[in-house]
>>> print(open('run22.cif').read())   # mmCIF, C-alpha atoms and all ligand atoms
data_data
#
loop_
_atom_site.label_atom_id
_atom_site.label_comp_id
_atom_site.auth_asym_id
_atom_site.auth_seq_id
_atom_site.Cartn_x
_atom_site.Cartn_y
_atom_site.Cartn_z
CA MET A 1 9.46 38.30 -4.78
CA SER A 2 11.46 35.66 -2.94
CA GLU A 3 9.61 32.93 -1.12
CA ALA A 4 12.65 32.42 1.08
CA LYS A 5 11.61 34.72 3.88
CA PHE A 6 8.42 32.74 4.51
CA THR A 7 8.25 29.59 6.63
CA PRO A 8 7.03 26.68 4.44
CA ARG A 9 3.49 26.49 5.69
CA VAL A 10 0.44 24.65 4.38
CA PHE A 11 -3.13 25.82 4.84
CA SER A 12 -6.28 24.26 3.48
CA GLY A 13 -9.96 24.22 4.34
CA ILE A 14 -13.18 22.37 3.69
CA GLN A 15 -16.72 23.62 4.20
CA PRO A 16 -18.77 21.90 6.90
CA SER A 17 -21.79 21.95 4.65
CA GLY A 18 -22.67 18.35 5.46
CA GLY A 19 -21.12 15.12 4.25
CA LEU A 20 -17.65 14.33 2.99
CA THR A 21 -17.14 12.32 -0.18
CA LEU A 22 -14.45 10.18 -1.71
CA GLY A 23 -13.79 13.26 -3.90
CA ASN A 24 -12.91 15.34 -0.84
CA TYR A 25 -10.79 12.50 0.50
CA LEU A 26 -8.78 11.78 -2.66
CA GLY A 27 -8.73 15.35 -4.01
CA ALA A 28 -7.79 17.01 -0.75
CA ILE A 29 -7.62 15.21 2.60
CA LYS A 30 -5.28 12.42 1.55
CA ARG A 31 -2.75 15.00 0.42
CA PHE A 32 -3.28 16.98 3.67
CA VAL A 33 -2.27 13.87 5.61
CA GLN A 34 0.89 13.33 3.56
CA MET A 35 1.97 16.95 3.89
CA GLN A 36 2.06 16.62 7.69
CA ASP A 37 5.16 14.47 7.29
CA GLU A 38 6.86 16.71 4.74
CA ALA A 39 8.85 19.85 5.53
CA PHE A 40 5.85 22.04 6.32
CA GLU A 41 3.89 23.40 9.20
CA THR A 42 0.32 22.33 8.47
CA ILE A 43 -2.95 24.05 9.34
CA TYR A 44 -6.30 22.54 8.39
CA CYS A 45 -9.60 24.28 8.80
CA MET A 46 -13.34 23.72 8.92
CA VAL A 47 -14.57 26.85 7.12
CA ASP A 48 -17.86 27.38 8.91
CA LEU A 49 -18.09 31.05 7.88
CA HIS A 50 -17.99 29.94 4.24
CA ALA A 51 -20.62 27.27 4.89
CA ILE A 52 -23.40 29.84 5.35
CA THR A 53 -22.69 31.83 2.18
CA ALA A 54 -24.87 29.78 -0.21
CA LYS A 55 -27.73 29.40 2.26
CA LEU A 56 -28.20 29.66 6.00
CA LEU A 57 -28.06 26.30 7.75
CA ASP A 58 -29.96 25.13 10.77
CA PRO A 59 -27.65 26.11 13.67
CA ASP A 60 -27.62 22.64 15.27
CA GLU A 61 -26.95 21.10 11.89
CA LEU A 62 -24.01 23.44 11.28
CA ARG A 63 -22.53 22.56 14.68
CA ARG A 64 -22.98 18.87 13.92
CA ASN A 65 -21.46 19.18 10.44
CA THR A 66 -18.46 21.03 11.83
CA ARG A 67 -17.76 18.32 14.42
CA GLU A 68 -18.34 15.63 11.80
CA LEU A 69 -15.83 17.25 9.45
CA ALA A 70 -13.31 17.45 12.30
CA ALA A 71 -13.94 13.75 12.97
CA GLY A 72 -13.44 13.04 9.24
CA PHE A 73 -10.11 14.87 9.22
CA ILE A 74 -8.86 13.05 12.31
CA ALA A 75 -10.16 9.64 11.19
CA SER A 76 -8.40 10.14 7.83
CA GLY A 77 -5.08 10.58 9.61
CA ILE A 78 -4.75 14.28 10.40
CA SER A 79 -3.09 14.30 13.78
CA PRO A 80 -3.78 17.16 16.19
CA ASP A 81 -0.21 16.67 17.37
CA LYS A 82 1.29 17.21 13.92
CA SER A 83 -1.16 19.76 12.49
CA ILE A 84 -3.12 22.70 13.80
CA LEU A 85 -6.78 21.77 13.36
CA ILE A 86 -9.21 24.66 13.61
CA ASN A 87 -12.71 25.87 13.03
CA GLN A 88 -12.62 29.15 11.10
CA SER A 89 -14.98 31.22 13.28
CA GLN A 90 -12.93 30.38 16.38
CA VAL A 91 -9.95 32.27 14.95
CA PRO A 92 -11.40 35.77 14.45
CA GLU A 93 -8.39 37.10 12.52
CA HIS A 94 -9.65 35.28 9.38
CA ALA A 95 -12.76 37.47 9.19
CA GLN A 96 -10.83 40.57 10.24
CA LEU A 97 -8.26 40.21 7.45
CA ALA A 98 -11.08 39.38 5.03
CA TRP A 99 -12.46 42.89 5.53
CA ILE A 100 -9.17 44.44 4.43
CA PHE A 101 -9.16 42.11 1.42
CA ASN A 102 -12.73 43.14 0.54
CA CYS A 103 -11.20 46.58 0.05
CA ILE A 104 -8.29 45.23 -2.04
CA ALA A 105 -10.21 42.89 -4.37
CA ARG A 106 -12.11 44.49 -7.26
CA MET A 107 -15.75 43.83 -8.14
CA GLY A 108 -14.64 42.78 -11.62
CA TRP A 109 -12.32 40.11 -10.26
CA MET A 110 -15.04 38.65 -8.08
CA SER A 111 -17.65 38.64 -10.86
CA ARG A 112 -15.38 36.52 -13.02
CA MET A 113 -15.22 33.65 -10.47
CA THR A 114 -16.87 30.61 -12.03
CA GLN A 115 -17.97 29.26 -8.65
CA TRP A 116 -19.79 32.54 -7.98
CA LYS A 117 -21.46 32.37 -11.39
CA ASP A 118 -22.47 28.73 -10.87
CA LYS A 119 -23.75 29.16 -7.36
CA ALA A 120 -25.49 32.49 -7.88
CA GLY A 121 -27.14 31.11 -11.00
CA LYS A 122 -29.54 33.25 -12.97
CA ASN A 123 -30.73 35.23 -10.00
CA ALA A 124 -27.52 36.90 -8.80
CA GLU A 125 -29.58 39.73 -7.28
CA ALA A 126 -30.88 37.29 -4.69
CA ALA A 127 -27.48 35.82 -3.78
CA SER A 128 -25.87 36.88 -0.50
CA LEU A 129 -23.09 39.43 -0.38
CA GLY A 130 -21.15 36.74 1.50
CA LEU A 131 -21.31 34.42 -1.52
CA PHE A 132 -19.82 37.16 -3.70
CA ALA A 133 -17.08 37.94 -1.15
CA TYR A 134 -16.38 34.23 -0.49
CA PRO A 135 -13.00 34.18 -2.33
CA ALA A 136 -11.71 37.21 -0.37
CA LEU A 137 -12.39 35.35 2.88
CA MET A 138 -10.64 32.33 1.40
CA ALA A 139 -7.62 34.51 0.57
CA ALA A 140 -7.65 35.77 4.16
CA ASP A 141 -7.78 32.18 5.50
CA ILE A 142 -4.56 31.47 3.66
CA LEU A 143 -2.69 34.74 4.00
CA VAL A 144 -3.42 35.34 7.68
CA TYR A 145 -0.92 32.49 8.20
CA HIS A 146 1.46 33.66 5.44
CA ALA A 147 0.83 30.14 4.09
CA THR A 148 3.08 29.27 1.16
CA HIS A 149 1.30 26.13 -0.15
CA VAL A 150 -2.38 25.23 -0.49
CA PRO A 151 -3.42 21.67 -1.39
CA VAL A 152 -6.84 21.57 -3.05
CA GLY A 153 -8.83 19.86 -5.78
CA GLU A 154 -8.88 21.22 -9.33
CA ASP A 155 -12.10 23.22 -8.74
CA GLN A 156 -10.31 25.65 -6.40
CA LYS A 157 -7.60 26.71 -8.83
CA GLN A 158 -9.26 29.97 -9.83
CA HIS A 159 -9.76 30.98 -6.19
CA LEU A 160 -6.07 30.44 -5.56
CA GLU A 161 -5.17 32.61 -8.52
CA LEU A 162 -7.34 35.31 -6.98
CA THR A 163 -5.51 34.83 -3.66
CA ARG A 164 -2.24 35.51 -5.47
CA ASP A 165 -3.75 38.60 -7.13
CA ILE A 166 -4.92 39.94 -3.76
CA ALA A 167 -1.49 39.37 -2.18
CA SER A 168 0.27 41.08 -5.10
CA LYS A 169 -2.06 44.05 -5.14
CA PHE A 170 -1.74 44.54 -1.38
CA ASN A 171 2.06 44.33 -1.59
CA HIS A 172 2.12 46.69 -4.57
CA ASP A 173 -0.38 49.26 -3.28
CA TYR A 174 1.39 49.58 0.08
CA GLY A 175 4.91 49.15 -1.32
CA VAL A 176 5.68 46.18 0.92
CA ASP A 177 6.82 42.59 0.53
CA PHE A 178 4.47 41.33 3.20
CA PHE A 179 2.16 38.61 1.85
CA PRO A 180 3.61 35.53 0.12
CA ILE A 181 2.48 34.56 -3.37
CA THR A 182 0.97 31.21 -2.48
CA GLU A 183 1.56 28.05 -4.52
CA PRO A 184 -1.44 25.85 -5.28
CA VAL A 185 -0.79 22.13 -4.80
CA ILE A 186 -3.09 20.27 -7.19
CA GLU A 187 -1.61 16.81 -7.51
CA GLY A 188 -2.40 13.14 -7.76
CA ALA A 189 -4.52 10.88 -9.93
CA ALA A 190 -7.77 12.12 -8.43
CA THR A 191 -7.81 15.90 -8.34
CA ARG A 192 -11.24 15.64 -9.94
CA VAL A 193 -13.23 12.59 -8.87
CA MET A 194 -16.39 12.23 -10.95
CA SER A 195 -19.88 11.01 -10.13
CA LEU A 196 -20.32 7.22 -10.18
CA ARG A 197 -23.53 7.71 -12.17
CA ASP A 198 -22.26 10.26 -14.73
CA GLY A 199 -18.60 10.61 -15.65
CA SER A 200 -19.09 14.18 -16.83
CA LYS A 201 -20.19 15.49 -13.42
CA LYS A 202 -18.03 16.08 -10.35
CA MET A 203 -18.66 13.76 -7.40
CA SER A 204 -20.41 16.06 -4.97
CA LYS A 205 -22.17 15.98 -1.63
CA SER A 206 -24.91 18.09 -3.19
CA ASP A 207 -25.81 15.57 -5.94
CA PRO A 208 -29.39 14.39 -5.28
CA SER A 209 -28.41 10.77 -6.03
CA ASP A 210 -26.63 9.08 -3.10
CA ALA A 211 -25.48 6.34 -5.50
CA SER A 212 -23.40 8.98 -7.34
CA ARG A 213 -20.91 9.26 -4.49
CA ILE A 214 -19.10 7.39 -1.76
CA ASN A 215 -19.60 9.18 1.53
CA LEU A 216 -16.92 9.03 4.19
CA THR A 217 -19.68 7.76 6.50
CA ASP A 218 -20.61 4.80 4.22
CA ASP A 219 -19.96 1.36 5.68
CA ALA A 220 -18.25 -1.50 3.84
CA ASP A 221 -21.50 -2.83 2.30
CA ALA A 222 -22.57 0.56 0.97
CA ILE A 223 -19.12 1.23 -0.51
CA ALA A 224 -18.98 -2.14 -2.30
CA LYS A 225 -22.55 -1.83 -3.57
CA LYS A 226 -22.04 1.65 -5.03
CA ILE A 227 -18.91 0.53 -6.87
CA ARG A 228 -20.64 -2.58 -8.23
CA LYS A 229 -23.44 -0.36 -9.54
CA ALA A 230 -21.19 2.38 -10.93
CA LYS A 231 -21.89 3.32 -14.53
CA THR A 232 -19.38 1.91 -17.04
CA ASP A 233 -19.13 1.21 -20.75
CA PRO A 234 -19.15 -2.23 -22.39
CA ASP A 235 -15.48 -2.30 -23.43
CA ALA A 236 -12.53 -3.91 -21.69
CA LEU A 237 -10.00 -1.70 -19.93
CA PRO A 238 -7.17 -0.41 -22.11
CA SER A 239 -3.50 -1.11 -21.38
CA GLU A 240 -2.46 2.51 -21.85
CA ALA A 241 -3.79 5.85 -20.58
CA ASP A 242 -4.58 7.06 -24.13
CA GLY A 243 -7.22 4.37 -24.32
CA LEU A 244 -9.23 6.14 -21.58
CA GLU A 245 -9.90 9.13 -23.76
CA ASN A 246 -13.63 9.69 -24.36
CA ARG A 247 -14.39 7.06 -21.73
CA PRO A 248 -15.14 9.28 -18.73
CA GLU A 249 -16.60 6.55 -16.51
CA ALA A 250 -13.74 4.14 -17.18
CA ARG A 251 -11.20 6.89 -16.62
CA ASN A 252 -12.84 7.86 -13.34
CA LEU A 253 -12.78 4.33 -11.90
CA VAL A 254 -9.16 3.86 -12.95
CA ASN A 255 -8.21 7.22 -11.41
CA ILE A 256 -9.95 6.25 -8.17
CA TYR A 257 -8.11 2.91 -8.13
CA ALA A 258 -4.77 4.62 -8.77
CA ALA A 259 -5.30 7.22 -6.05
CA LEU A 260 -6.45 4.65 -3.48
CA ALA A 261 -3.56 2.29 -4.28
CA ASP A 262 -0.94 5.08 -4.48
CA MET A 263 -0.12 4.00 -8.02
CA SER A 264 0.06 5.91 -11.28
CA VAL A 265 -2.66 5.39 -13.89
CA GLU A 266 -0.06 3.74 -16.15
CA GLU A 267 0.89 1.26 -13.43
CA VAL A 268 -2.77 0.39 -12.82
CA LEU A 269 -3.41 -0.15 -16.53
CA ARG A 270 -0.36 -2.37 -16.82
CA GLU A 271 -2.02 -4.63 -14.24
CA VAL A 272 -5.65 -4.48 -15.30
CA GLY A 273 -5.48 -3.68 -19.04
CA GLY A 274 -7.65 -6.15 -20.97
CA GLN A 275 -9.95 -6.87 -18.00
CA GLN A 276 -13.71 -6.40 -18.27
CA PHE A 277 -15.46 -4.28 -15.65
CA GLY A 278 -16.96 -7.50 -14.29
CA ALA A 279 -13.47 -8.38 -13.06
CA PHE A 280 -12.16 -4.88 -12.32
CA LYS A 281 -15.08 -3.66 -10.21
CA PRO A 282 -14.80 -6.32 -7.46
CA ARG A 283 -11.11 -5.53 -7.26
CA LEU A 284 -11.80 -1.81 -6.94
CA ALA A 285 -14.57 -2.47 -4.41
CA GLU A 286 -12.21 -4.51 -2.26
CA LEU A 287 -9.56 -1.81 -2.34
CA ALA A 288 -12.06 0.95 -1.57
CA VAL A 289 -13.49 -0.99 1.37
CA GLU A 290 -10.00 -1.72 2.69
CA LYS A 291 -9.02 1.98 2.58
CA MET A 292 -12.32 3.71 3.36
CA ALA A 293 -14.25 1.50 5.82
CA PRO A 294 -11.77 2.04 8.69
CA ILE A 295 -12.20 5.80 8.24
CA SER A 296 -15.98 5.59 8.53
CA SER A 297 -15.85 3.45 11.67
CA GLU A 298 -13.29 5.75 13.31
CA MET A 299 -15.45 8.76 12.41
CA ALA A 300 -18.45 7.15 14.09
CA ARG A 301 -16.38 6.49 17.21
CA LEU A 302 -15.19 10.11 17.37
CA MET A 303 -18.70 11.48 16.80
CA ASP A 304 -19.66 9.79 20.07
CA GLN A 305 -17.11 12.00 21.82
CA PRO A 306 -18.06 15.58 20.85
CA ASP A 307 -16.33 17.01 23.94
CA GLU A 308 -13.05 15.53 22.79
CA ILE A 309 -13.50 17.12 19.35
CA ASP A 310 -14.31 20.50 20.94
CA ARG A 311 -11.20 20.23 23.10
CA ILE A 312 -9.01 19.58 20.04
CA LEU A 313 -10.53 22.57 18.23
CA ALA A 314 -10.07 24.88 21.23
CA LYS A 315 -6.42 23.89 21.43
CA GLY A 316 -6.04 24.40 17.67
CA ALA A 317 -7.59 27.88 17.86
CA ALA A 318 -5.17 28.93 20.62
CA GLN A 319 -2.17 27.66 18.60
CA ALA A 320 -3.47 29.33 15.45
CA ARG A 321 -3.90 32.71 17.09
CA GLU A 322 -0.24 32.79 18.03
CA ILE A 323 0.41 32.97 14.28
CA THR A 324 -2.58 35.02 13.11
CA ALA A 325 -2.68 37.78 15.76
CA PRO A 326 0.79 39.20 14.93
CA ILE A 327 0.18 38.95 11.16
CA LEU A 328 -3.14 40.79 11.48
CA ARG A 329 -1.51 43.44 13.71
CA GLN A 330 1.25 44.00 11.16
CA THR A 331 -1.34 44.23 8.39
CA TYR A 332 -3.27 46.85 10.37
CA ASP A 333 -0.04 48.79 10.91
CA ILE A 334 0.74 48.72 7.17
CA VAL A 335 -2.80 49.92 6.38
CA GLY A 336 -2.72 52.63 9.06
CA MET A 337 -5.11 51.36 11.68
CA LEU A 338 -4.28 52.69 15.18
CA GLY A 339 -3.11 49.96 17.49
P1 LIG A 401 -15.74 21.35 -0.70
O1 LIG A 401 -16.39 20.11 -0.22
O2 LIG A 401 -16.32 21.87 -1.97
O3 LIG A 401 -15.56 22.36 0.40
O4 LIG A 401 -14.27 20.91 -1.14
C1 LIG A 401 -13.25 20.63 -0.22
C2 LIG A 401 -11.99 20.17 -0.93
O5 LIG A 401 -12.25 18.93 -1.61
C3 LIG A 401 -11.48 21.13 -2.01
O6 LIG A 401 -10.06 21.10 -2.01
C4 LIG A 401 -12.02 20.55 -3.28
O7 LIG A 401 -11.24 20.89 -4.40
C5 LIG A 401 -11.94 19.04 -3.00
N1 LIG A 401 -12.96 18.32 -3.75
C6 LIG A 401 -14.31 18.39 -3.61
N2 LIG A 401 -14.94 17.57 -4.48
C7 LIG A 401 -13.95 16.95 -5.20
C8 LIG A 401 -13.95 15.98 -6.26
N3 LIG A 401 -15.07 15.47 -6.75
N4 LIG A 401 -12.75 15.60 -6.74
C9 LIG A 401 -11.59 16.08 -6.24
N5 LIG A 401 -11.52 17.00 -5.25
C10 LIG A 401 -12.68 17.43 -4.73
N1 LIG A 402 -13.35 27.21 -1.06
C1 LIG A 402 -12.87 25.94 -0.62
C2 LIG A 402 -13.82 24.83 -1.14
O1 LIG A 402 -14.97 25.04 -1.34
C3 LIG A 402 -12.80 25.86 0.88
C4 LIG A 402 -11.82 26.83 1.44
C5 LIG A 402 -12.07 27.94 2.18
C6 LIG A 402 -10.40 26.76 1.30
N2 LIG A 402 -10.93 28.57 2.55
C7 LIG A 402 -9.88 27.87 2.02
C8 LIG A 402 -9.55 25.88 0.65
C9 LIG A 402 -8.52 28.12 2.07
C10 LIG A 402 -8.16 26.13 0.71
C11 LIG A 402 -7.66 27.24 1.42
O2 LIG A 402 -13.38 23.76 -1.32
#
>>> encode(input="run22.cif", output="structure tokens")
Amino acid sequence: MSEAKFTPRVFSGIQPSGGLTLGNYLGAIKRFVQMQDEAFETIYCMVDLHAITAKLLDPDELRRNTRELAAGFIASGISPDKSILINQSQVPEHAQLAWIFNCIARMGWMSRMTQWKDKAGKNAEAASLGLFAYPALMAADILVYHATHVPVGEDQKQHLELTRDIASKFNHDYGVDFFPITEPVIEGAATRVMSLRDGSKKMSKSDPSDASRINLTDDADAIAKKIRKAKTDPDALPSEADGLENRPEARNLVNIYAALADMSVEEVLREVGGQQFGAFKPRLAELAVEKMAPISSEMARLMDQPDEIDRILAKGAAQAREITAPILRQTYDIVGMLG
């Protein structure tokens, strides 16, 4: 199928499940910001409906998390004038299209999702139906805009493959060329930022150790301290990328440096190869503080203006619905819903 008939359009989302990390920033948000200035329409979303799939949250906490995530997006450089910034539940067509996709996706496809298997754990019987259906809602988030490109971290690759499968099956079953086959955009030195305490684990807001991650709300002191204390090995840094093999902690810190400095790993190693961590860490700490501390102070400023955030999200929802309402209507027509 040709992509040509679809407007180049980017969609991505993050769950307001509390706390943003350097992993979210480098793996996703930084790329979102860049794409605003490329040849795309850009739509970025707080996926609050997804945020209650693993467990129900305290309602006030969910509201707070959603505004904090919006503040994080804006503080990181997402401009409400360049992008449409929305909260998922305020654009009802996402959930409406998700129902149709629940009837397209097969149980077998959903049961093979590794995120489902990880999150449901041993007691899948006790998991919510929403957790199982999560990837169909994600497909609806994307396809209700006919989005062509989706920037995400490595961990979302399988969900994007499922999104393509859902679009293809819909197009095939109804004999139409209606939904685009979306391209994942998984790029950069830091598509998988690892824990600062254990280079084999993903940096995550749900890790019990706060020292394992840099939060977007951390101030300059906290950022520098966590980098100084990050786990490393006793060897000097190599001069070439091959030398990072089997050195997960070293590789992680070099990847973080490269992503923050907008350099390739090779370029970083050309500069720092041969240095001990005692010399490299202060350098990384300085760079991380320079790039991240302004984001945390801007987030704090925005969080003091919740009405302003709500106004931006209301405007975003109205803009979004101009795109989503006609696409949902056409979908309903294809499926045979009276309108
Ligand atoms: P989540 O916080 O799980 O909703 O993730 C939001 C976005 O951040 C997704 O695109 C993830 O792939 C990305 N992301 C989350 N954690 C990391 C990480 N440690 N490294 C790189 N990307 C990440
Ligand atoms: N599942 C994604 C995550 O946990 C969040 C998400 C929901 C998303 N809908 C999306 C990402 C649509 C990209 C596009 O990170």
>>> residues_near_ligand(input="run22.cif", ligand="ligand LIG 401 (chain A)", cutoff="9 Å", atoms="all atoms listed in the file", output="ChimeraX atom specification")
/A:12-29,46-47,50-51,150-157,186,190-195,201-205,213
>>> closest_residue(input="run22.cif", among="A:Val10, A:Ile334, A:Leu284, A:Val33", to="Val176 of chain A", atoms="only C-alpha atoms")
A:Ile334
>>> closest_atom_pairs(input="run22.cif", of="segment 122-191 of chain A", to="segment 320-326 of chain A", cutoff="9 Å", atoms="all atoms listed in the file", output="JSON lines")
{"residue": "A:Val144", "atom": "CA", "partner": "A:Thr324", "partner_atom": "CA", "distance": 5.5}
{"residue": "A:Tyr145", "atom": "CA", "partner": "A:Thr324", "partner_atom": "CA", "distance": 5.8}
{"residue": "A:His146", "atom": "CA", "partner": "A:Thr324", "partner_atom": "CA", "distance": 8.8}
>>> residues_around(input="run22.cif", residues="Leu85 of chain A", least_positions_apart="3", cutoff="8 Å", atoms="all atoms listed in the file", output="list in words")
Ile43, Tyr44, Cys45, Ala70, Pro80, Ile312, Leu313, Gly316 and Ala317 of chain A
>>> atom_distance(input="run22.cif", atom1="atom CA of Pro135 of chain A", atom2="atom CA of Met35 of chain A")
23.7 Å
